[in-house]
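File shown here: coords31.txt, holding compact mmCIF, C-alpha atoms.
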# COMPACT_ATOMS: atom_id res chain seq x y z
CA MET M 1 93.04 123.45 167.42
CA ASP M 2 91.26 121.01 165.13
CA HIS M 3 93.74 119.68 162.50
CA LEU M 4 91.25 117.36 160.82
CA PRO M 5 90.51 119.64 157.81
CA SER M 6 94.25 119.94 157.05
CA ILE M 7 94.77 116.20 157.33
CA LEU M 8 91.80 115.53 155.03
CA ALA M 9 93.10 118.08 152.53
CA ILE M 10 96.51 116.37 152.51
CA ILE M 11 94.90 112.97 151.95
CA VAL M 12 92.79 114.33 149.09
CA CYS M 13 95.86 115.92 147.47
CA VAL M 14 97.88 112.69 147.76
CA VAL M 15 94.99 110.72 146.23
CA MET M 16 94.78 113.22 143.36
CA SER M 17 98.56 113.03 142.88
CA ALA M 18 98.24 109.25 142.62
CA PHE M 19 95.39 109.70 140.14
CA PHE M 20 97.40 112.00 137.87
CA SER M 21 100.52 109.79 138.05
CA ALA M 22 98.54 106.66 137.21
CA ALA M 23 96.73 108.45 134.36
CA GLU M 24 100.01 109.65 132.85
CA THR M 25 101.49 106.14 132.84
CA ALA M 26 98.27 104.50 131.65
CA TYR M 27 97.83 106.78 128.63
CA SER M 28 101.51 106.61 127.68
CA SER M 29 101.52 102.79 127.84
CA LEU M 30 98.11 101.82 126.49
CA ASN M 31 97.50 99.95 123.26
CA LYS M 32 95.28 102.08 121.02
CA THR M 33 94.32 99.07 118.94
CA ARG M 34 92.76 97.35 121.95
CA LEU M 35 90.84 100.49 122.85
CA LYS M 36 89.62 100.81 119.26
CA VAL M 37 88.35 97.23 119.31
CA LEU M 38 86.45 97.92 122.54
CA ALA M 39 85.12 101.22 121.19
CA ASP M 40 83.89 99.55 117.98
CA ALA M 41 82.10 97.01 120.17
CA GLY M 42 80.12 99.81 121.81
CA ASP M 43 82.20 100.53 124.92
CA GLN M 44 81.61 104.24 125.63
CA LYS M 45 84.42 104.48 128.17
CA ALA M 46 86.88 103.04 125.65
CA ALA M 47 85.67 105.49 122.99
CA LEU M 48 86.19 108.43 125.35
CA ALA M 49 89.62 107.14 126.40
CA LEU M 50 90.59 106.71 122.75
CA SER M 51 89.58 110.30 121.93
CA LEU M 52 91.73 111.56 124.83
CA ALA M 53 94.68 109.42 123.70
CA GLU M 54 94.41 110.78 120.15
CA ASP M 55 95.09 114.29 121.51
CA TYR M 56 97.85 113.18 123.87
CA ASN M 57 99.70 116.52 124.04
CA ARG M 58 96.66 118.33 125.41
CA LEU M 59 95.93 115.45 127.79
CA LEU M 60 99.52 115.43 129.05
CA SER M 61 99.37 119.19 129.70
CA THR M 62 96.19 118.69 131.76
CA ILE M 63 97.75 115.85 133.77
CA LEU M 64 101.00 117.73 134.47
CA ILE M 65 99.22 120.94 135.45
CA GLY M 66 96.85 119.06 137.77
CA ASN M 67 99.67 117.01 139.29
CA ASN M 68 101.77 120.09 140.01
CA ILE M 69 98.83 121.92 141.54
CA VAL M 70 98.03 119.13 144.01
CA ASN M 71 101.72 118.52 144.83
CA ILE M 72 102.28 122.20 145.60
CA ALA M 73 99.06 122.25 147.62
CA VAL M 74 100.00 119.23 149.73
CA ALA M 75 103.46 120.68 150.37
CA SER M 76 102.01 124.02 151.50
CA ILE M 77 99.28 122.54 153.69
CA SER M 78 101.63 120.01 155.33
CA THR M 79 104.23 122.71 156.05
CA LEU M 80 101.67 124.87 157.83
CA LEU M 81 100.40 121.84 159.78
CA PHE M 82 103.81 120.58 160.88
CA VAL M 83 105.08 124.09 161.78
CA GLU M 84 102.04 124.49 163.98
CA LEU M 85 102.70 121.10 165.57
CA TYR M 86 106.52 121.14 165.87
CA GLY M 87 107.49 124.76 165.64
CA ASP M 88 110.81 125.57 163.95
CA PHE M 89 111.45 121.91 163.07
CA GLY M 90 108.07 121.60 161.38
CA ALA M 91 109.31 122.60 157.91
CA THR M 92 112.05 119.95 157.97
CA VAL M 93 109.70 117.26 159.26
CA SER M 94 107.13 118.24 156.63
CA THR M 95 109.68 117.97 153.78
CA VAL M 96 110.82 114.49 154.84
CA VAL M 97 107.35 113.08 155.49
CA ILE M 98 105.59 114.54 152.44
CA THR M 99 108.47 113.59 150.10
CA ALA M 100 108.24 109.96 151.28
CA VAL M 101 104.43 109.94 151.05
CA ILE M 102 104.38 111.47 147.55
CA LEU M 103 107.08 109.12 146.27
CA ILE M 104 105.44 105.97 147.64
CA PHE M 105 101.73 106.72 147.32
CA GLY M 106 101.69 109.48 144.69
CA GLU M 107 104.28 108.24 142.22
CA ILE M 108 105.79 104.74 142.49
CA THR M 109 102.73 102.72 143.56
CA PRO M 110 100.15 104.22 141.14
CA LYS M 111 102.55 104.13 138.20
CA SER M 112 103.40 100.49 138.86
CA ILE M 113 99.71 99.58 138.94
CA ALA M 114 98.97 101.59 135.79
CA LYS M 115 101.83 99.94 133.91
CA ASP M 116 100.22 96.52 134.43
CA ALA M 117 96.69 97.52 133.39
CA PRO M 118 96.88 100.66 131.23
CA GLU M 119 93.74 100.14 129.14
CA SER M 120 91.54 99.38 132.15
CA LEU M 121 92.67 102.46 134.09
CA ALA M 122 92.48 104.65 130.98
CA ARG M 123 88.83 103.66 130.50
CA ASN M 124 87.95 104.30 134.16
CA PHE M 125 89.81 107.62 134.33
CA ALA M 126 88.47 108.95 131.02
CA ALA M 127 85.40 110.81 132.34
CA MET M 128 87.32 112.52 135.17
CA LEU M 129 90.15 113.51 132.85
CA LYS M 130 87.69 114.89 130.31
CA PHE M 131 86.16 117.09 133.04
CA LEU M 132 89.59 118.26 134.24
CA GLN M 133 90.62 118.93 130.65
CA TRP M 134 87.61 121.24 130.29
CA LEU M 135 88.24 122.83 133.71
CA LEU M 136 91.89 123.57 133.00
CA THR M 137 91.34 124.67 129.40
CA PRO M 138 92.79 128.21 129.88
CA LEU M 139 96.00 126.84 131.38
CA THR M 140 96.38 124.02 128.85
CA PHE M 141 95.83 126.54 126.03
CA ILE M 142 98.68 128.71 127.33
CA PHE M 143 101.08 125.80 127.82
CA SER M 144 100.21 124.23 124.46
CA HIS M 145 101.15 127.43 122.65
CA TRP M 146 104.26 127.75 124.77
CA LYS M 147 105.25 124.26 123.61
CA LEU M 148 104.75 125.29 119.97
CA LEU M 149 106.92 128.35 120.54
CA VAL M 150 109.69 126.25 122.11
CA ASN M 151 109.55 123.75 119.24
CA ARG M 152 109.86 126.56 116.72
CA PHE M 153 113.04 127.90 118.34
CA PHE M 154 114.76 124.62 119.16
CA GLY M 155 113.45 122.58 116.23
CA SER M 156 111.53 119.38 116.66
CA GLY M 157 112.18 116.79 113.98
CA ASP M 158 109.48 114.36 112.99
CA GLU M 159 110.68 111.34 114.95
CA THR M 160 107.25 109.93 115.72
CA LYS M 161 107.09 107.76 112.60
CA MET M 162 108.17 104.19 113.19
CA SER M 163 111.03 103.03 110.97
CA GLN M 164 111.13 99.68 109.18
CA GLU M 165 113.75 98.41 111.64
CA GLU M 166 111.52 99.38 114.58
CA LEU M 167 108.54 97.63 112.97
CA LEU M 168 110.58 94.45 112.50
CA MET M 169 111.75 94.62 116.11
CA LEU M 170 108.15 95.13 117.25
CA VAL M 171 107.01 92.04 115.31
CA GLU M 172 109.81 90.00 116.90
CA GLU M 173 108.87 91.20 120.39
CA VAL M 174 105.20 90.33 119.81
CA ARG M 175 106.22 86.87 118.53
CA GLN M 176 108.40 86.25 121.58
CA GLU M 177 105.52 87.23 123.84
CA GLY M 178 103.41 84.52 122.21
CA ALA M 179 100.77 86.79 120.66
CA ILE M 180 101.63 85.39 117.21
CA ASP M 181 103.40 82.17 116.18
CA LYS M 182 106.58 81.83 114.12
CA SER M 183 104.83 81.48 110.74
CA GLU M 184 102.67 84.56 111.37
CA GLY M 185 105.76 86.48 112.44
CA GLU M 186 107.57 85.53 109.24
CA LEU M 187 104.57 86.59 107.17
CA LEU M 188 104.49 90.00 108.88
CA LYS M 189 108.25 90.45 108.41
CA ASN M 190 107.95 89.57 104.72
CA ALA M 191 105.12 92.09 104.32
CA ILE M 192 107.19 94.84 105.99
CA GLU M 193 110.27 94.11 103.86
CA PHE M 194 108.14 93.68 100.70
CA ARG M 195 108.36 97.38 99.80
CA ASP M 196 112.15 97.18 99.35
CA VAL M 197 112.17 94.16 97.00
CA GLN M 198 112.92 94.91 93.35
CA ALA M 199 112.24 92.88 90.22
CA GLU M 200 115.91 91.94 89.81
CA ASP M 201 115.90 90.38 93.29
CA ILE M 202 113.33 87.68 92.45
CA LEU M 203 113.52 87.22 88.68
CA THR M 204 114.16 83.97 86.86
CA PRO M 205 117.33 84.69 84.81
CA ARG M 206 117.26 84.58 81.01
CA VAL M 207 119.46 81.46 80.88
CA ASP M 208 116.67 79.54 82.66
CA LEU M 209 113.85 80.85 80.48
CA GLU M 210 111.73 78.56 78.34
CA ALA M 211 110.57 80.25 75.15
CA VAL M 212 109.47 79.49 71.60
CA SER M 213 110.06 81.33 68.37
CA ILE M 214 107.18 83.00 66.60
CA ASP M 215 108.21 80.92 63.55
CA ASP M 216 108.01 77.57 65.39
CA SER M 217 105.40 75.06 64.34
CA LYS M 218 102.55 74.11 66.62
CA GLU M 219 104.09 70.66 67.01
CA VAL M 220 107.26 72.22 68.42
CA ILE M 221 105.26 74.45 70.74
CA GLY M 222 103.13 71.53 71.95
CA LYS M 223 106.27 69.50 72.64
CA LYS M 224 107.70 72.41 74.64
CA PHE M 225 104.54 72.56 76.77
CA THR M 226 104.79 68.81 77.40
CA GLU M 227 108.49 68.90 78.32
CA THR M 228 108.39 71.91 80.62
CA HIS M 229 104.95 71.38 82.25
CA TYR M 230 104.58 75.16 82.15
CA SER M 231 101.17 76.75 81.66
CA ARG M 232 102.67 79.76 79.84
CA LEU M 233 105.56 80.21 77.41
CA LEU M 234 107.31 83.30 76.13
CA VAL M 235 107.29 83.97 72.39
CA TYR M 236 110.27 85.74 70.80
CA ASP M 237 111.01 87.04 67.34
CA GLY M 238 114.60 86.49 66.26
CA SER M 239 116.17 86.35 69.73
CA ILE M 240 115.22 86.12 73.40
CA ASP M 241 115.93 89.86 73.66
CA ASN M 242 112.88 90.52 71.49
CA ILE M 243 109.91 89.08 73.41
CA VAL M 244 106.73 89.68 71.42
CA GLY M 245 104.13 87.77 73.40
CA VAL M 246 103.06 85.16 75.95
CA ILE M 247 101.12 82.05 74.97
CA ASN M 248 98.81 80.36 77.47
CA GLN M 249 98.39 76.59 77.36
CA LYS M 250 94.61 76.80 77.75
CA ASP M 251 94.48 79.04 74.67
CA PHE M 252 96.80 76.74 72.72
CA TYR M 253 94.68 73.65 73.39
CA VAL M 254 90.95 74.06 72.74
CA ASN M 255 88.34 71.29 73.05
CA GLY M 256 90.98 68.60 73.40
CA GLY M 257 93.00 69.69 70.37
CA VAL M 258 95.34 72.39 69.14
CA ALA M 259 93.66 75.72 68.41
CA ALA M 260 93.08 76.56 64.77
CA GLN M 261 94.21 80.19 65.14
CA THR M 262 97.73 81.26 64.35
CA LEU M 263 100.28 81.82 67.09
CA THR M 264 100.00 85.59 66.66
CA GLU M 265 96.25 85.43 67.26
CA ILE M 266 96.57 83.22 70.37
CA MET M 267 99.37 84.98 72.22
CA THR M 268 98.85 88.00 74.49
CA PRO M 269 101.10 91.10 74.61
CA PRO M 270 103.87 90.91 77.22
CA VAL M 271 104.27 93.21 80.22
CA PHE M 272 107.72 94.83 80.33
CA VAL M 273 109.27 96.23 83.52
CA HIS M 274 112.66 97.63 84.42
CA GLN M 275 115.01 95.65 86.63
CA TYR M 276 114.75 98.23 89.44
CA GLU M 277 110.94 98.22 89.50
CA HIS M 278 109.65 97.69 93.03
CA VAL M 279 107.71 94.48 93.38
CA ARG M 280 104.78 96.21 95.12
CA ASN M 281 104.28 98.36 91.99
CA LEU M 282 104.81 95.35 89.71
CA LEU M 283 102.09 93.40 91.53
CA LYS M 284 99.60 96.23 90.95
CA GLU M 285 100.58 96.44 87.28
CA LEU M 286 100.11 92.70 86.73
CA GLN M 287 96.71 92.87 88.44
CA CYS M 288 95.61 95.83 86.30
CA LYS M 289 96.77 94.21 83.06
CA LYS M 290 95.45 90.77 84.13
CA SER M 291 98.80 89.15 83.40
CA HIS M 292 100.80 86.51 85.29
CA ILE M 293 104.23 87.21 83.77
CA ALA M 294 106.36 90.33 83.46
CA VAL M 295 109.48 90.47 81.30
CA VAL M 296 112.34 92.22 83.10
CA VAL M 297 114.62 94.29 80.85
CA ASP M 298 117.98 95.95 81.54
CA GLU M 299 119.05 99.50 80.76
CA TYR M 300 119.77 98.55 77.14
CA GLY M 301 116.38 96.93 76.60
CA GLY M 302 117.73 93.37 76.66
CA THR M 303 115.89 90.58 78.44
CA LEU M 304 117.21 89.93 81.96
CA GLY M 305 114.56 87.41 82.92
CA ILE M 306 110.96 87.18 84.02
CA VAL M 307 108.97 87.68 87.21
CA THR M 308 105.76 85.73 87.68
CA MET M 309 102.85 86.29 90.00
CA GLU M 310 104.00 83.18 91.88
CA ASP M 311 107.46 84.71 92.43
CA ILE M 312 105.87 87.78 93.99
CA LEU M 313 103.55 85.79 96.25
CA GLU M 314 106.47 83.64 97.40
CA GLU M 315 108.14 86.78 98.74
CA LEU M 316 105.19 87.09 101.11
CA VAL M 317 104.18 83.54 102.00
CA GLY M 318 107.33 81.56 101.26
CA GLU M 319 107.97 78.79 98.74
CA ILE M 320 104.91 77.57 96.79
CA TRP M 321 105.18 74.06 95.37
CA ASP M 322 103.07 72.43 92.71
CA GLU M 323 102.96 68.86 91.50
CA HIS M 324 105.53 69.49 88.74
CA ASP M 325 108.19 71.21 90.85
CA GLU M 326 111.33 69.23 91.53
CA VAL M 327 112.07 69.29 95.23
CA GLU M 328 115.75 70.04 95.74
CA ALA M 329 117.38 70.99 99.01
CA ASP M 330 119.23 74.30 98.86
CA PHE M 331 121.63 73.03 101.52
CA GLU M 332 122.09 69.26 101.25
CA LYS M 333 124.13 67.77 104.06
CA LEU M 334 126.80 65.40 102.72
CA ALA M 335 128.82 64.76 105.88
CA VAL M 336 129.59 66.34 109.21
CA ASP M 337 129.98 70.11 108.54
CA THR M 338 129.92 69.52 104.76
CA TYR M 339 127.08 70.69 102.52
CA ARG M 340 126.18 70.75 98.82
CA VAL M 341 124.81 74.22 98.10
CA ASP M 342 122.64 75.26 95.17
CA CYS M 343 124.19 78.44 93.75
CA LYS M 344 120.77 79.91 92.99
CA VAL M 345 120.31 80.40 96.75
CA THR M 346 120.24 84.05 97.79
CA LEU M 347 123.39 85.34 99.41
CA THR M 348 121.33 86.41 102.45
CA ASP M 349 120.15 82.83 103.06
CA PHE M 350 123.73 81.59 102.57
CA GLU M 351 124.99 84.06 105.19
CA ASP M 352 122.27 83.08 107.64
CA PHE M 353 122.86 79.35 107.18
CA PHE M 354 126.63 79.52 107.72
CA ASN M 355 126.54 82.38 110.22
CA LEU M 356 128.80 84.86 108.44
CA LYS M 357 128.65 88.33 106.89
CA LEU M 358 129.94 88.94 103.37
CA ASP M 359 130.71 92.29 101.79
CA SER M 360 129.08 91.85 98.39
CA GLU M 361 126.47 93.42 96.13
CA SER M 362 125.59 90.07 94.53
CA VAL M 363 122.13 88.60 94.99
CA SER M 364 122.90 84.89 94.56
CA VAL M 365 125.68 82.59 95.75
CA GLY M 366 126.76 81.98 92.14
CA GLY M 367 127.14 85.69 91.52
CA TRP M 368 129.12 86.14 94.73
CA ILE M 369 131.52 83.31 93.79
CA MET M 370 132.30 84.89 90.41
CA GLU M 371 132.64 88.28 92.08
CA HIS M 372 135.02 86.83 94.68
CA LEU M 373 137.19 84.93 92.17
CA ASN M 374 137.00 87.73 89.58
CA HIS M 375 136.67 85.17 86.77
CA ILE M 376 134.41 82.37 85.58
CA PRO M 377 135.08 79.40 87.88
CA VAL M 378 136.07 75.94 86.67
CA LYS M 379 135.09 72.62 88.13
CA GLY M 380 137.26 71.67 91.11
CA GLU M 381 138.38 75.22 91.86
CA ALA M 382 138.46 75.93 95.60
CA PHE M 383 138.94 78.90 97.92
CA THR M 384 138.50 79.78 101.59
CA VAL M 385 136.34 82.49 103.13
CA GLU M 386 136.43 82.91 106.90
CA HIS M 387 135.63 79.44 108.32
CA LEU M 388 134.35 78.00 105.02
CA GLU M 389 136.22 75.91 102.43
CA ILE M 390 134.30 76.25 99.15
CA THR M 391 134.82 73.92 96.15
CA VAL M 392 133.11 74.37 92.78
CA THR M 393 131.55 71.02 91.81
CA ASP M 394 129.15 71.72 88.94
CA VAL M 395 129.71 74.26 86.17
CA ASP M 396 127.97 74.53 82.81
CA ALA M 397 127.68 77.26 80.18
CA HIS M 398 129.77 79.69 82.22
CA ARG M 399 127.50 79.27 85.24
CA VAL M 400 128.13 77.79 88.67
CA PHE M 401 125.33 75.38 89.61
CA PHE M 402 126.57 73.73 92.81
CA VAL M 403 129.42 74.08 95.28
CA THR M 404 130.56 71.98 98.23
CA VAL M 405 131.01 73.94 101.45
CA LYS M 406 132.99 72.54 104.37
CA GLN M 407 132.92 74.60 107.52
CA SER M 408 135.52 74.51 110.28
CA PRO M 409 134.90 75.78 113.84
CA LYS M 410 135.39 79.52 114.23
CA GLU M 411 138.45 80.48 116.24
CA GLU M 412 137.67 81.67 119.73
CA GLU M 413 138.46 85.32 120.26

For this file, produce the structure as structure tokens.
Amino acid sequence: MDHLPSILAIIVCVVMSAFFSAAETAYSSLNKTRLKVLADAGDQKAALALSLAEDYNRLLSTILIGNNIVNIAVASISTLLFVELYGDFGATVSTVVITAVILIFGEITPKSIAKDAPESLARNFAAMLKFLQWLLTPLTFIFSHWKLLVNRFFGSGDETKMSQEELLMLVEEVRQEGAIDKSEGELLKNAIEFRDVQAEDILTPRVDLEAVSIDDSKEVIGKKFTETHYSRLLVYDGSIDNIVGVINQKDFYVNGGVAAQTLTEIMTPPVFVHQYEHVRNLLKELQCKKSHIAVVVDEYGGTLGIVTMEDILEELVGEIWDEHDEVEADFEKLAVDTYRVDCKVTLTDFEDFFNLKLDSESVSVGGWIMEHLNHIPVKGEAFTVEHLEITVTDVDAHRVFFVTVKQSPKEEE
């Protein structure tokens, strides 16, 4: 008897099994962004593949239905063929042979190839899959509704959204693969974490503010501009807790001399924000009001500090220096394992630099030191935290400016 038709049918079924397996891996592994770029460039295959990927549940139903049909078919045909050839042992021989063939040529090999070139295979398979999707529409319709019914009974939480931690991990993986460099990776990380930053996290505290009284003479104000090199100064009435305006240097000096208008006429109204205002909202508010400074107030309405447009941008792009900034190292090395630390440094940077984890709600090193000691430190006071010996070296006006940190090797566990 001629067995050629059966053999050809088995080969066709194995090829189709390989096709469905490769398609499943390709569409589950592809990068939609790359396909979108190709589609926008006029690639019709990429556009079709992208449309299939957008409706992945329906596509997956088509692939699984087709794969099961051809696998069942090849098992049935091979059993009949081998029983005819080997009699009672044919079923056993068929099971062993077809299992090995399907595993090697219908599963492992095509999926390995598709994993290495998902976008290319997705583009080339798109037309065939679109046809099969149309052909198997009745079956995919039934299984799609069955899936909805199952989800309704067993509950299916929305776990498809990528969390912030997953986004950060993705950026790190892309950086390690070399697709972006370190600076680009840091910029992306800053942009992702930007939504969680609040005004109190980046403000300049009130003790560091430069301001003038509304009753000050223009000579005093001009001297303050000269001493500070600032382009803008706060104006208060009575006390720093009552900010009434912001004066711009270019409005104060006109045509090479001091403006003739009064201070009240020159200054602009301040922008007030709460300490817990998210920086992303603050940036929009400053843009809308065309202001460069926002005054941060506490729950009692007192002035906590200010946030400038430069402070916000530095959260994204890092430190921005101008010609008047004094360059000071946050961690100045004094000797082997000994550093002079600026207490304005964030506690996160301090933890990263010295490789430790502190249980504290403070934002700055200075705040953490006072929290740890539970009193205002005095010069020369020292304490130990984990492998660090910390000595207060510079204190003024109830503030800690600098400390000396000496680190000893961590004990081996």

(Q) For Thr137 (chain M), find every residue with an atom within 12 Å (counting all atoms listed in the file), except residues of its own chain fewer than 4 positions away, and show them as a list in words. (A)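 Final neighbour list, sorted by chain and number: Arg58, Leu59, Ser61, Thr62, Ile63, Ile65, Gly66, Leu129, Lys130, Phe131, Leu132, Gln133, Phe141, Ile142, Phe143 and Ser144 of chain M.
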
Distance query region 27-37 of chain M at most 12 Å, all atoms listed in the file, self and fewer than 4 positions along chain excluded, as a PDB file with C-alpha atoms, keeping the file's coordinate frame:
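For reference, part.pdb as written:
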ATOM      1  CA  PHE M  20      97.400 112.000 137.870  1.00  0.00           C
ATOM      2  CA  SER M  21     100.520 109.790 138.050  1.00  0.00           C
ATOM      3  CA  ALA M  22      98.540 106.660 137.210  1.00  0.00           C
ATOM      4  CA  ALA M  23      96.730 108.450 134.360  1.00  0.00           C
ATOM      5  CA  ALA M  41      82.100  97.010 120.170  1.00  0.00           C
ATOM      6  CA  GLY M  42      80.120  99.810 121.810  1.00  0.00           C
ATOM      7  CA  ASP M  43      82.200 100.530 124.920  1.00  0.00           C
ATOM      8  CA  GLN M  44      81.610 104.240 125.630  1.00  0.00           C
ATOM      9  CA  LYS M  45      84.420 104.480 128.170  1.00  0.00           C
ATOM     10  CA  ALA M  46      86.880 103.040 125.650  1.00  0.00           C
ATOM     11  CA  ALA M  47      85.670 105.490 122.990  1.00  0.00           C
ATOM     12  CA  LEU M  48      86.190 108.430 125.350  1.00  0.00           C
ATOM     13  CA  ALA M  49      89.620 107.140 126.400  1.00  0.00           C
ATOM     14  CA  LEU M  50      90.590 106.710 122.750  1.00  0.00           C
ATOM     15  CA  SER M  51      89.580 110.300 121.930  1.00  0.00           C
ATOM     16  CA  LEU M  52      91.730 111.560 124.830  1.00  0.00           C
ATOM     17  CA  ALA M  53      94.680 109.420 123.700  1.00  0.00           C
ATOM     18  CA  GLU M  54      94.410 110.780 120.150  1.00  0.00           C
ATOM     19  CA  ASP M  55      95.090 114.290 121.510  1.00  0.00           C
ATOM     20  CA  TYR M  56      97.850 113.180 123.870  1.00  0.00           C
ATOM     21  CA  ASN M  57      99.700 116.520 124.040  1.00  0.00           C
ATOM     22  CA  LEU M  59      95.930 115.450 127.790  1.00  0.00           C
ATOM     23  CA  LEU M  60      99.520 115.430 129.050  1.00  0.00           C
ATOM     24  CA  ILE M  63      97.750 115.850 133.770  1.00  0.00           C
ATOM     25  CA  LYS M 111     102.550 104.130 138.200  1.00  0.00           C
ATOM     26  CA  SER M 112     103.400 100.490 138.860  1.00  0.00           C
ATOM     27  CA  ILE M 113      99.710  99.580 138.940  1.00  0.00           C
ATOM     28  CA  ALA M 114      98.970 101.590 135.790  1.00  0.00           C
ATOM     29  CA  LYS M 115     101.830  99.940 133.910  1.00  0.00           C
ATOM     30  CA  ASP M 116     100.220  96.520 134.430  1.00  0.00           C
ATOM     31  CA  ALA M 117      96.690  97.520 133.390  1.00  0.00           C
ATOM     32  CA  PRO M 118      96.880 100.660 131.230  1.00  0.00           C
ATOM     33  CA  GLU M 119      93.740 100.140 129.140  1.00  0.00           C
ATOM     34  CA  SER M 120      91.540  99.380 132.150  1.00  0.00           C
ATOM     35  CA  LEU M 121      92.670 102.460 134.090  1.00  0.00           C
ATOM     36  CA  ALA M 122      92.480 104.650 130.980  1.00  0.00           C
ATOM     37  CA  ARG M 123      88.830 103.660 130.500  1.00  0.00           C
ATOM     38  CA  ASN M 124      87.950 104.300 134.160  1.00  0.00           C
ATOM     39  CA  PHE M 125      89.810 107.620 134.330  1.00  0.00           C
ATOM     40  CA  ALA M 126      88.470 108.950 131.020  1.00  0.00           C
ATOM     41  CA  LEU M 129      90.150 113.510 132.850  1.00  0.00           C
TER      42      LEU M 129
END

message: Considering only C-alpha atoms, can you say which of M:Asp352, M:Asp342, M:Asp359, M:Asp330 comes closest to Val400 (chain M)?
response: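 Looking at the shortest contact to Val400 (chain M), the residue is M:Asp342.
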
Judged by all atoms listed in the file, the minimum distance to Ile10 (chain M) among M:Val271, M:Ile98, M:Ala91, M:Val295 is found for M:Ile98

Give me, as a PDB file with C-alpha atoms, in the coordinates of the input, all polymer residues having an atom no more than 12 Å from Thr109 (chain M), counting all atoms listed in the file and skipping those fewer than 6 positions away in the same chain.
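And here is the file that came out, out-v9.pdb:
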ATOM      1  CA  VAL M  14      97.880 112.690 147.760  1.00  0.00           C
ATOM      2  CA  VAL M  15      94.990 110.720 146.230  1.00  0.00           C
ATOM      3  CA  SER M  17      98.560 113.030 142.880  1.00  0.00           C
ATOM      4  CA  ALA M  18      98.240 109.250 142.620  1.00  0.00           C
ATOM      5  CA  PHE M  19      95.390 109.700 140.140  1.00  0.00           C
ATOM      6  CA  SER M  21     100.520 109.790 138.050  1.00  0.00           C
ATOM      7  CA  ALA M  22      98.540 106.660 137.210  1.00  0.00           C
ATOM      8  CA  THR M  25     101.490 106.140 132.840  1.00  0.00           C
ATOM      9  CA  ALA M 100     108.240 109.960 151.280  1.00  0.00           C
ATOM     10  CA  VAL M 101     104.430 109.940 151.050  1.00  0.00           C
ATOM     11  CA  ILE M 102     104.380 111.470 147.550  1.00  0.00           C
ATOM     12  CA  LEU M 103     107.080 109.120 146.270  1.00  0.00           C
ATOM     13  CA  LYS M 115     101.830  99.940 133.910  1.00  0.00           C
ATOM     14  CA  ASP M 116     100.220  96.520 134.430  1.00  0.00           C
TER      15      ASP M 116
END
